[in-house]
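Novice: Structure supplied as upload-v4.cif; contents: mmCIF, C-alpha atoms and all ligand atoms.
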```
data_coords
loop_
_atom_site.group_PDB
_atom_site.id
_atom_site.type_symbol
_atom_site.label_atom_id
_atom_site.label_comp_id
_atom_site.auth_asym_id
_atom_site.auth_seq_id
_atom_site.Cartn_x
_atom_site.Cartn_y
_atom_site.Cartn_z
ATOM 1 C CA MET A 1 105.949 115.583 147.515
ATOM 2 C CA ALA A 2 104.933 114.935 151.118
ATOM 3 C CA SER A 3 101.666 116.153 152.598
ATOM 4 C CA PRO A 4 100.682 116.573 156.223
ATOM 5 C CA LEU A 5 98.555 113.740 157.583
ATOM 6 C CA PRO A 6 94.863 114.749 157.504
ATOM 7 C CA ALA A 7 93.773 113.279 160.840
ATOM 8 C CA PRO A 8 94.564 114.754 164.255
ATOM 9 C CA PRO A 9 96.604 112.646 166.677
ATOM 10 C CA PRO A 10 94.471 109.991 168.469
ATOM 11 C CA PRO A 11 93.741 110.320 172.184
ATOM 12 C CA PRO A 12 96.464 108.881 174.409
ATOM 13 C CA GLY A 13 96.274 105.110 174.746
ATOM 14 C CA SER A 14 93.940 104.429 171.798
ATOM 15 C CA LEU A 15 94.951 103.018 168.482
ATOM 16 C CA ALA A 16 93.608 104.831 165.439
ATOM 17 C CA ILE A 17 94.015 103.670 161.863
ATOM 18 C CA GLN A 18 93.581 106.127 159.058
ATOM 19 C CA PRO A 19 93.472 105.596 155.297
ATOM 20 C CA LEU A 20 96.445 106.741 153.274
ATOM 21 C CA PHE A 21 97.062 107.316 149.559
ATOM 22 C CA PRO A 22 93.565 107.109 148.068
ATOM 23 C CA VAL A 23 93.048 106.424 144.348
ATOM 24 C CA ALA A 24 91.277 109.283 142.561
ATOM 25 C CA LEU A 25 88.082 107.855 141.069
ATOM 26 C CA GLY A 26 86.079 110.645 139.431
ATOM 27 C CA GLN A 27 82.357 110.329 138.701
ATOM 28 C CA VAL A 28 79.914 112.799 137.211
ATOM 29 C CA GLN A 29 76.363 112.190 136.066
ATOM 30 C CA LEU A 30 75.906 113.969 132.736
ATOM 31 C CA ARG A 31 72.448 114.743 131.383
ATOM 32 C CA PRO A 32 72.336 113.351 127.857
ATOM 33 C CA ASP A 33 69.458 114.194 125.560
ATOM 34 C CA PRO A 34 67.486 110.941 125.069
ATOM 35 C CA LEU A 35 67.387 111.529 121.326
ATOM 36 C CA ASP A 36 71.185 112.010 121.209
ATOM 37 C CA LEU A 37 71.612 108.768 123.184
ATOM 38 C CA ALA A 38 69.389 106.891 120.751
ATOM 39 C CA VAL A 39 71.295 108.256 117.750
ATOM 40 C CA GLN A 40 74.638 107.343 119.337
ATOM 41 C CA ILE A 41 73.545 103.792 120.165
ATOM 42 C CA GLN A 42 72.239 103.370 116.637
ATOM 43 C CA ALA A 43 75.598 104.571 115.276
ATOM 44 C CA LEU A 44 77.456 102.083 117.493
ATOM 45 C CA HIS A 45 75.299 99.251 116.174
ATOM 46 C CA ALA A 46 76.255 100.320 112.650
ATOM 47 C CA PHE A 47 79.975 100.399 113.550
ATOM 48 C CA ARG A 48 79.804 96.906 114.987
ATOM 49 C CA GLY A 49 77.929 95.529 112.002
ATOM 50 C CA PRO A 50 77.384 91.774 112.005
ATOM 51 C CA ALA A 51 80.153 91.108 114.564
ATOM 52 C CA GLN A 52 79.022 90.157 118.080
ATOM 53 C CA SER A 53 82.272 89.674 119.978
ATOM 54 C CA ASN A 54 86.004 90.255 120.035
ATOM 55 C CA PRO A 55 86.015 87.551 118.514
ATOM 56 C CA ASP A 56 85.794 85.136 121.494
ATOM 57 C CA PRO A 57 82.015 84.796 122.055
ATOM 58 C CA GLY A 58 82.447 85.594 125.735
ATOM 59 C CA CYS A 59 84.322 88.843 125.104
ATOM 60 C CA ALA A 60 82.532 92.117 124.451
ATOM 61 C CA TRP A 61 83.030 93.816 121.082
ATOM 62 C CA THR A 62 85.447 96.730 121.485
ATOM 63 C CA GLY A 63 86.097 99.345 118.821
ATOM 64 C CA ASP A 64 89.817 99.669 119.579
ATOM 65 C CA LEU A 65 90.365 96.155 118.192
ATOM 66 C CA ASN A 66 88.029 96.659 115.263
ATOM 67 C CA GLY A 67 89.091 99.905 113.600
ATOM 68 C CA VAL A 68 86.731 102.171 115.584
ATOM 69 C CA TRP A 69 89.172 104.092 117.782
ATOM 70 C CA GLN A 70 88.559 107.728 116.844
ATOM 71 C CA LEU A 71 84.945 108.280 117.841
ATOM 72 C CA HIS A 72 85.944 111.745 119.090
ATOM 73 C CA ARG A 73 86.421 112.799 115.470
ATOM 74 C CA HIS A 74 82.997 111.538 114.422
ATOM 75 C CA PRO A 75 80.272 114.219 114.233
ATOM 76 C CA THR A 76 77.832 112.126 116.266
ATOM 77 C CA PHE A 77 80.274 111.812 119.169
ATOM 78 C CA ALA A 78 82.436 114.963 118.967
ATOM 79 C CA PRO A 79 80.176 117.034 121.290
ATOM 80 C CA LEU A 80 80.278 114.247 123.883
ATOM 81 C CA ALA A 81 84.062 113.996 123.568
ATOM 82 C CA ALA A 82 84.345 117.739 124.175
ATOM 83 C CA GLU A 83 82.215 117.421 127.315
ATOM 84 C CA VAL A 84 84.332 114.512 128.542
ATOM 85 C CA ALA A 85 87.523 116.479 127.848
ATOM 86 C CA ALA A 86 86.179 119.366 129.933
ATOM 87 C CA GLN A 87 85.499 116.924 132.783
ATOM 88 C CA ALA A 88 89.027 115.545 132.401
ATOM 89 C CA ARG A 89 90.305 119.095 132.875
ATOM 90 C CA ALA A 90 88.164 119.410 135.996
ATOM 91 C CA TYR A 91 89.558 116.097 137.291
ATOM 92 C CA LEU A 92 93.123 117.341 136.826
ATOM 93 C CA ALA A 93 92.278 120.605 138.558
ATOM 94 C CA GLN A 94 90.809 118.757 141.558
ATOM 95 C CA LEU A 95 93.943 116.626 141.762
ATOM 96 C CA GLY A 96 95.973 119.809 141.980
ATOM 97 C CA PHE A 97 97.530 120.073 138.534
ATOM 98 C CA THR A 98 98.607 123.656 137.938
ATOM 99 C CA PRO A 99 96.787 125.135 134.911
ATOM 100 C CA GLY A 100 99.063 125.511 131.904
ATOM 101 C CA VAL A 101 101.708 123.046 133.092
ATOM 102 C CA CYS A 102 100.406 120.117 131.029
ATOM 103 C CA ALA A 103 98.906 119.732 127.593
ATOM 104 C CA LEU A 104 96.013 117.264 127.603
ATOM 105 C CA HIS A 105 95.585 115.037 124.556
ATOM 106 C CA LEU A 106 92.632 112.812 123.738
ATOM 107 C CA GLN A 107 94.531 109.957 122.195
ATOM 108 C CA ARG A 108 91.926 107.294 121.557
ATOM 109 C CA CYS A 109 88.150 106.936 121.923
ATOM 110 C CA TRP A 110 86.295 103.693 121.267
ATOM 111 C CA PRO A 111 82.989 101.945 121.980
ATOM 112 C CA VAL A 112 82.452 98.791 124.023
ATOM 113 C CA LEU A 113 79.306 96.745 123.346
ATOM 114 C CA SER A 114 78.652 93.899 125.763
ATOM 115 C CA GLU A 115 75.949 91.370 124.929
ATOM 116 C CA PRO A 116 74.340 89.280 127.709
ATOM 117 C CA GLY A 117 77.009 87.044 129.251
ATOM 118 C CA GLN A 118 79.950 88.937 127.773
ATOM 119 C CA VAL A 119 82.849 90.478 129.729
ATOM 120 C CA VAL A 120 85.964 92.588 129.301
ATOM 121 C CA GLY A 121 88.942 90.934 130.965
ATOM 122 C CA ARG A 122 91.142 92.529 133.597
ATOM 123 C CA HIS A 123 93.592 95.038 132.131
ATOM 124 C CA HIS A 124 94.918 98.572 132.349
ATOM 125 C CA HIS A 125 95.871 101.155 129.724
ATOM 126 C CA PRO A 126 99.696 101.399 129.672
ATOM 127 C CA ASN A 127 99.611 103.665 126.623
ATOM 128 C CA ALA A 128 97.731 106.414 128.449
ATOM 129 C CA HIS A 129 97.811 108.487 131.632
ATOM 130 C CA LEU A 130 94.136 109.214 132.333
ATOM 131 C CA SER A 131 91.211 107.024 131.271
ATOM 132 C CA ALA A 132 87.486 107.624 131.245
ATOM 133 C CA VAL A 133 84.359 105.671 130.440
ATOM 134 C CA TYR A 134 80.932 107.034 129.584
ATOM 135 C CA TYR A 135 77.794 104.886 129.800
ATOM 136 C CA LEU A 136 75.043 105.064 127.227
ATOM 137 C CA THR A 137 73.005 102.391 128.992
ATOM 138 C CA GLY A 138 72.588 101.023 132.506
ATOM 139 C CA ASP A 139 70.083 101.597 135.316
ATOM 140 C CA GLY A 140 72.511 101.867 138.215
ATOM 141 C CA THR A 141 71.890 98.344 139.524
ATOM 142 C CA GLY A 142 75.002 96.802 137.988
ATOM 143 C CA ARG A 143 72.953 94.017 136.434
ATOM 144 C CA CYS A 144 74.375 94.699 132.973
ATOM 145 C CA GLY A 145 77.946 94.288 134.273
ATOM 146 C CA VAL A 146 79.794 96.462 136.776
ATOM 147 C CA LEU A 147 83.125 98.134 136.164
ATOM 148 C CA ARG A 148 85.467 96.539 138.712
ATOM 149 C CA PHE A 149 88.717 98.129 139.898
ATOM 150 C CA TRP A 150 91.602 96.461 141.737
ATOM 151 C CA PRO A 151 94.288 98.093 143.880
ATOM 152 C CA GLN A 152 97.847 97.800 142.632
ATOM 153 C CA ARG A 153 98.951 96.218 145.894
ATOM 154 C CA GLN A 154 97.125 95.002 148.981
ATOM 155 C CA LEU A 155 99.538 96.266 151.600
ATOM 156 C CA ASN A 156 97.082 95.886 154.506
ATOM 157 C CA GLU A 157 97.262 92.099 154.217
ATOM 158 C CA LEU A 158 100.804 92.482 155.609
ATOM 159 C CA VAL A 159 101.432 88.942 154.357
ATOM 160 C CA PRO A 160 100.407 88.622 150.676
ATOM 161 C CA GLY A 161 97.368 86.349 150.281
ATOM 162 C CA MET A 162 96.163 86.534 153.903
ATOM 163 C CA ALA A 163 92.774 87.965 152.890
ATOM 164 C CA VAL A 164 92.071 85.396 150.182
ATOM 165 C CA GLY A 165 94.053 82.310 151.178
ATOM 166 C CA HIS A 166 92.842 79.162 152.976
ATOM 167 C CA GLN A 167 90.216 80.131 155.583
ATOM 168 C CA ALA A 168 90.916 83.780 154.705
ATOM 169 C CA PRO A 169 92.332 84.493 158.185
ATOM 170 C CA LEU A 170 92.183 88.252 157.903
ATOM 171 C CA ALA A 171 88.551 88.333 156.824
ATOM 172 C CA ALA A 172 87.672 86.015 159.731
ATOM 173 C CA VAL A 173 88.750 88.559 162.323
ATOM 174 C CA PRO A 174 85.602 90.222 163.763
ATOM 175 C CA GLY A 175 85.596 93.922 163.123
ATOM 176 C CA SER A 176 88.606 93.799 160.846
ATOM 177 C CA GLY A 177 86.714 96.063 158.483
ATOM 178 C CA ALA A 178 86.242 95.308 154.797
ATOM 179 C CA GLY A 179 87.541 98.767 154.014
ATOM 180 C CA TRP A 180 91.064 97.855 155.016
ATOM 181 C CA LEU A 181 91.037 94.634 153.026
ATOM 182 C CA ALA A 182 88.749 95.340 150.103
ATOM 183 C CA GLY A 183 90.262 93.587 147.132
ATOM 184 C CA SER A 184 88.190 95.471 144.596
ATOM 185 C CA ALA A 185 85.644 98.246 144.105
ATOM 186 C CA ASP A 186 82.703 98.319 141.684
ATOM 187 C CA VAL A 187 80.927 101.034 139.734
ATOM 188 C CA ALA A 188 77.444 100.279 138.355
ATOM 189 C CA PRO A 189 76.756 101.692 134.879
ATOM 190 C CA ARG A 190 74.000 104.266 134.545
ATOM 191 C CA ALA A 191 73.097 106.045 131.330
ATOM 192 C CA GLY A 192 74.931 109.374 131.278
ATOM 193 C CA LEU A 193 77.451 108.458 133.998
ATOM 194 C CA LEU A 194 81.071 109.441 133.305
ATOM 195 C CA VAL A 195 83.891 107.807 135.295
ATOM 196 C CA LEU A 196 87.505 109.020 135.282
ATOM 197 C CA PHE A 197 90.466 107.136 136.755
ATOM 198 C CA PRO A 198 94.243 106.745 136.465
ATOM 199 C CA ALA A 199 95.024 104.753 133.320
ATOM 200 C CA ALA A 200 97.379 102.487 135.297
ATOM 201 C CA LEU A 201 94.536 101.245 137.529
ATOM 202 C CA GLU A 202 93.593 97.617 136.827
ATOM 203 C CA HIS A 203 89.956 97.132 135.821
ATOM 204 C CA ALA A 204 87.509 94.811 134.077
ATOM 205 C CA VAL A 205 83.857 94.588 133.085
ATOM 206 C CA LEU A 206 81.936 91.781 134.789
ATOM 207 C CA PRO A 207 79.362 89.678 132.903
ATOM 208 C CA ASN A 208 76.275 91.335 131.531
ATOM 209 C CA ASP A 209 73.588 89.496 133.501
ATOM 210 C CA ASP A 210 70.665 91.266 131.892
ATOM 211 C CA PRO A 211 69.350 88.897 129.216
ATOM 212 C CA ASP A 212 67.405 91.700 127.558
ATOM 213 C CA ALA A 213 69.944 94.523 127.497
ATOM 214 C CA LEU A 214 72.977 95.413 125.440
ATOM 215 C CA ARG A 215 75.569 97.205 127.585
ATOM 216 C CA CYS A 216 76.950 100.247 125.719
ATOM 217 C CA SER A 217 79.858 102.425 126.816
ATOM 218 C CA ILE A 218 82.549 104.628 125.286
ATOM 219 C CA SER A 219 86.141 104.607 126.542
ATOM 220 C CA PHE A 220 88.563 107.514 126.398
ATOM 221 C CA ASP A 221 92.351 107.551 126.794
ATOM 222 C CA PHE A 222 94.122 110.816 127.575
ATOM 223 C CA VAL A 223 97.843 111.581 127.568
ATOM 224 C CA LEU A 224 99.610 114.422 129.355
ATOM 225 C CA THR A 225 102.635 116.132 127.838
ATOM 226 C CA ALA A 226 104.372 119.442 128.207
ATOM 227 C CA PRO A 227 102.676 122.261 126.327
ATOM 228 C CA PRO A 228 104.284 123.403 123.065
ATOM 229 C CA LEU A 229 107.186 125.629 124.001
ATOM 230 C CA PRO A 230 108.988 128.367 122.056
ATOM 231 C CA ASP A 231 112.656 127.875 121.148
ATOM 232 C CA GLY A 232 114.889 128.324 124.152
ATOM 233 C CA GLN A 233 112.412 126.990 126.689
ATOM 234 C CA THR A 234 112.875 123.501 128.124
ATOM 235 C CA PRO A 235 110.074 121.128 129.109
ATOM 236 C CA PRO A 236 110.279 119.636 132.615
ATOM 237 C CA GLU A 237 112.080 116.303 132.668
ATOM 238 C CA TYR A 238 109.067 114.391 134.027
ATOM 239 C CA LEU A 239 106.851 115.267 131.051
ATOM 240 C CA ALA A 240 107.242 114.209 127.439
ATOM 241 C CA PRO A 241 107.698 117.232 125.184
ATOM 242 C CA HIS A 242 104.662 118.250 123.161
ATOM 243 C CA PRO A 243 104.191 115.903 120.129
ATOM 244 C CA SER A 244 104.473 118.875 117.777
ATOM 245 C CA GLN A 245 108.130 119.099 118.889
ATOM 246 C CA TRP A 246 108.960 115.442 118.276
ATOM 247 C CA THR A 247 110.864 114.172 115.246
ATOM 248 C CA ALA A 248 109.612 111.003 113.565
ATOM 249 C CA ILE A 249 112.288 108.568 112.366
ATOM 250 C CA THR A 250 111.716 106.653 109.141
ATOM 251 C CA GLU A 251 112.289 102.906 108.809
ATOM 252 C CA ASP A 252 115.619 103.829 107.181
ATOM 253 C CA GLY A 253 116.643 105.707 110.304
ATOM 254 C CA GLU A 254 116.258 109.127 108.731
ATOM 255 C CA PRO A 255 114.654 112.020 110.598
ATOM 256 C CA GLN A 256 111.446 113.081 108.893
ATOM 257 C CA ALA A 257 111.046 116.730 108.097
HETATM 258 FE FE FE A 301 89.839 99.543 129.966
#
```
Is it possible to express this structure as structure tokens?

Specialist:
Amino acid sequence: MASPLPAPPPPPGSLAIQPLFPVALGQVQLRPDPLDLAVQIQALHAFRGPAQSNPDPGCAWTGDLNGVWQLHRHPTFAPLAAEVAAQARAYLAQLGFTPGVCALHLQRCWPVLSEPGQVVGRHHHPNAHLSAVYYLTGDGTGRCGVLRFWPQRQLNELVPGMAVGHQAPLAAVPGSGAGWLAGSADVAPRAGLLVLFPAALEHAVLPNDDPDALRCSISFDFVLTAPPLPDGQTPPEYLAPHPSQWTAITEDGEPQA
């Protein structure tokens, strides 16, 4: 689907560069009740138990690797999950998704607890389409560990590595503009902040540099499918059919009723 370019033509004789193809990073500051936050953090401590890492001491403890992957079905977190799901709907609407075309599924929901010095390595979520993270702690400074995103490709380098290689020749050009060459973008956690982004976008959590604070967040993975359709109607080829219309196959190769 092609769209008209947003900028008007530049004046004759002048070179204008405009940004193309932005990544849709959604942010909304929710207003959690302080008592609810305290109860949720207490519950996350209980889920983690005596464990402190994943299990490498430098890696944050994450629920998805430790049996805590359905927080959205837990009474303490279900209202939050519903609020996040509503924001995911709003994100899709702002991107231009036609209402009713897709079914939205909350597939997985897990906590991430990062002790001082701990990180979450660079990764993306290939099992999902839309990801979100909600912060239970953080003061907006980033001291407890920013969420860092990377672009899939750095096309503006023209030659791969020019912005980071020996003497970084692109960065050395006066006025080249960090915006055209930015290799990453950071979001600083703040209690109540919700961030939404494409699940394919590479990201990581940088070290928690606050020696006195535990960094607490909850991750969400959403999947888009076709809505459930009556017999005789066909889902579009670019969407998986609704899971209720799938057939599971047993280990013996038999379709399950
Ligand atoms: Fe992630």

Novice: Quick one: residues within 9 Å of ligand FE 301 (chain A), with all atoms listed in the file, as number ranges by chain?

Specialist: A: 120-125, 131-133, 199, 202-205, 219-221

Novice: Here's the selection I'm unsure about, the PyMOL selection byres (((chain A and resi 77) around 10) and not hetatm); applied to the file above, which residues does it give, as an mmCIF file with C-alpha atoms, in the frame of the given file?

Specialist:
```
data_model
loop_
_atom_site.group_PDB
_atom_site.id
_atom_site.type_symbol
_atom_site.label_atom_id
_atom_site.label_comp_id
_atom_site.auth_asym_id
_atom_site.auth_seq_id
_atom_site.Cartn_x
_atom_site.Cartn_y
_atom_site.Cartn_z
ATOM 1 C CA ASP A 36 71.185 112.010 121.209
ATOM 2 C CA VAL A 39 71.295 108.256 117.750
ATOM 3 C CA GLN A 40 74.638 107.343 119.337
ATOM 4 C CA ALA A 43 75.598 104.571 115.276
ATOM 5 C CA GLN A 70 88.559 107.728 116.844
ATOM 6 C CA LEU A 71 84.945 108.280 117.841
ATOM 7 C CA HIS A 72 85.944 111.745 119.090
ATOM 8 C CA ARG A 73 86.421 112.799 115.470
ATOM 9 C CA HIS A 74 82.997 111.538 114.422
ATOM 10 C CA PRO A 75 80.272 114.219 114.233
ATOM 11 C CA THR A 76 77.832 112.126 116.266
ATOM 12 C CA ALA A 78 82.436 114.963 118.967
ATOM 13 C CA PRO A 79 80.176 117.034 121.290
ATOM 14 C CA LEU A 80 80.278 114.247 123.883
ATOM 15 C CA ALA A 81 84.062 113.996 123.568
ATOM 16 C CA ALA A 82 84.345 117.739 124.175
ATOM 17 C CA CYS A 109 88.150 106.936 121.923
ATOM 18 C CA ILE A 218 82.549 104.628 125.286
#
```

Novice: When you look at Ala188 of chain A with a cut-off of 8 Å (counting only C-alpha atoms), what residues show up, excluding the ones that are within fewer than 5 positions of it in the same chain? I need them as a compact mmCIF listing (two decimals) with C-alpha atoms, keeping the file's coordinate frame.

Specialist:
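As a result, around-v1.txt now contains:
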```txt
# COMPACT_ATOMS: atom_id res chain seq x y z
CA GLY A 138 72.59 101.02 132.51
CA GLY A 140 72.51 101.87 138.22
CA THR A 141 71.89 98.34 139.52
CA GLY A 142 75.00 96.80 137.99
CA ARG A 143 72.95 94.02 136.43
CA GLY A 145 77.95 94.29 134.27
CA VAL A 146 79.79 96.46 136.78
CA LEU A 147 83.12 98.13 136.16
```

Novice: Evaluated on this file, the PyMOL selection byres (((chain A and resi 246) around 12) and not hetatm) picks out some residues - which ones are they, written as a ChimeraX atom specification?

Specialist: /A:225-226,228-229,240-245,247-249,255-257

Novice: Determine the residue set returned by the PyMOL selection byres (((chain A and resi 208) around 8) and not hetatm) for the present structure, and present it as a list in words.

Specialist: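 This file gives the following for the PyMOL selection byres (((chain A and resi 208) around 8) and not hetatm): Ser114, Glu115, Pro116, Gly117, Gln118, Val119, Arg143, Cys144, Gly145, Leu206, Pro207, Asp209, Asp210, Pro211 and Arg215 of chain A.
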
Novice: Rounded to one decimal place, report the atom CA of Gly58 of chain A-atom CA of His45 of chain A distance in Å.

Specialist: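 So the answer is 18.1 Å.
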
Novice: Here is a test: counting all atoms listed in the file, which residue of A:Gln152, A:Glu254, A:Pro111, A:His105 is nearest to Ala88 of chain A?

Specialist: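 Smallest separation from Ala88 of chain A among the options: A:His105.
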
Novice: As a PDB file, in the coordinates of the input, could you write out segment 15-33 of chain A once it has been completed with N, CA and C atoms?

Specialist:
```pdb
ATOM      1  N   LEU A  15      94.375 103.217 169.807  1.00  0.00           N
ATOM      2  CA  LEU A  15      94.951 103.018 168.482  1.00  0.00           C
ATOM      3  C   LEU A  15      93.974 103.518 167.427  1.00  0.00           C
ATOM      4  N   ALA A  16      94.436 104.354 166.555  1.00  0.00           N
ATOM      5  CA  ALA A  16      93.608 104.831 165.439  1.00  0.00           C
ATOM      6  C   ALA A  16      94.294 104.454 164.142  1.00  0.00           C
ATOM      7  N   ILE A  17      93.502 103.985 163.198  1.00  0.00           N
ATOM      8  CA  ILE A  17      94.015 103.670 161.863  1.00  0.00           C
ATOM      9  C   ILE A  17      93.362 104.611 160.875  1.00  0.00           C
ATOM     10  N   GLN A  18      94.142 105.216 160.042  1.00  0.00           N
ATOM     11  CA  GLN A  18      93.581 106.127 159.058  1.00  0.00           C
ATOM     12  C   GLN A  18      93.984 105.696 157.655  1.00  0.00           C
ATOM     13  N   PRO A  19      93.143 105.966 156.677  1.00  0.00           N
ATOM     14  CA  PRO A  19      93.472 105.596 155.297  1.00  0.00           C
ATOM     15  C   PRO A  19      94.526 106.536 154.724  1.00  0.00           C
ATOM     16  N   LEU A  20      95.404 105.954 153.937  1.00  0.00           N
ATOM     17  CA  LEU A  20      96.445 106.741 153.274  1.00  0.00           C
ATOM     18  C   LEU A  20      96.367 106.524 151.767  1.00  0.00           C
ATOM     19  N   PHE A  21      96.833 107.466 150.997  1.00  0.00           N
ATOM     20  CA  PHE A  21      97.062 107.316 149.559  1.00  0.00           C
ATOM     21  C   PHE A  21      95.840 106.829 148.780  1.00  0.00           C
ATOM     22  N   PRO A  22      94.746 107.552 148.814  1.00  0.00           N
ATOM     23  CA  PRO A  22      93.565 107.109 148.068  1.00  0.00           C
ATOM     24  C   PRO A  22      93.780 107.205 146.558  1.00  0.00           C
ATOM     25  N   VAL A  23      93.070 106.353 145.808  1.00  0.00           N
ATOM     26  CA  VAL A  23      93.048 106.424 144.348  1.00  0.00           C
ATOM     27  C   VAL A  23      91.933 107.394 143.940  1.00  0.00           C
ATOM     28  N   ALA A  24      92.225 108.232 142.970  1.00  0.00           N
ATOM     29  CA  ALA A  24      91.277 109.283 142.561  1.00  0.00           C
ATOM     30  C   ALA A  24      90.316 108.745 141.511  1.00  0.00           C
ATOM     31  N   LEU A  25      89.140 108.315 141.970  1.00  0.00           N
ATOM     32  CA  LEU A  25      88.082 107.855 141.069  1.00  0.00           C
ATOM     33  C   LEU A  25      87.087 108.998 140.910  1.00  0.00           C
ATOM     34  N   GLY A  26      86.998 109.535 139.697  1.00  0.00           N
ATOM     35  CA  GLY A  26      86.079 110.645 139.431  1.00  0.00           C
ATOM     36  C   GLY A  26      84.778 110.122 138.839  1.00  0.00           C
ATOM     37  N   GLN A  27      83.657 110.686 139.286  1.00  0.00           N
ATOM     38  CA  GLN A  27      82.357 110.329 138.701  1.00  0.00           C
ATOM     39  C   GLN A  27      81.530 111.594 138.546  1.00  0.00           C
ATOM     40  N   VAL A  28      80.849 111.699 137.411  1.00  0.00           N
ATOM     41  CA  VAL A  28      79.914 112.799 137.211  1.00  0.00           C
ATOM     42  C   VAL A  28      78.765 112.286 136.360  1.00  0.00           C
ATOM     43  N   GLN A  29      77.559 112.607 136.817  1.00  0.00           N
ATOM     44  CA  GLN A  29      76.363 112.190 136.066  1.00  0.00           C
ATOM     45  C   GLN A  29      76.025 113.281 135.060  1.00  0.00           C
ATOM     46  N   LEU A  30      76.266 113.016 133.782  1.00  0.00           N
ATOM     47  CA  LEU A  30      75.906 113.969 132.736  1.00  0.00           C
ATOM     48  C   LEU A  30      74.414 113.802 132.426  1.00  0.00           C
ATOM     49  N   ARG A  31      73.885 114.755 131.699  1.00  0.00           N
ATOM     50  CA  ARG A  31      72.448 114.743 131.383  1.00  0.00           C
ATOM     51  C   ARG A  31      72.261 114.667 129.875  1.00  0.00           C
ATOM     52  N   PRO A  32      72.447 113.471 129.314  1.00  0.00           N
ATOM     53  CA  PRO A  32      72.336 113.351 127.857  1.00  0.00           C
ATOM     54  C   PRO A  32      70.898 113.512 127.382  1.00  0.00           C
ATOM     55  N   ASP A  33      70.760 114.108 126.209  1.00  0.00           N
ATOM     56  CA  ASP A  33      69.458 114.194 125.560  1.00  0.00           C
ATOM     57  C   ASP A  33      69.067 112.779 125.110  1.00  0.00           C
TER      58      ASP A  33
END
```
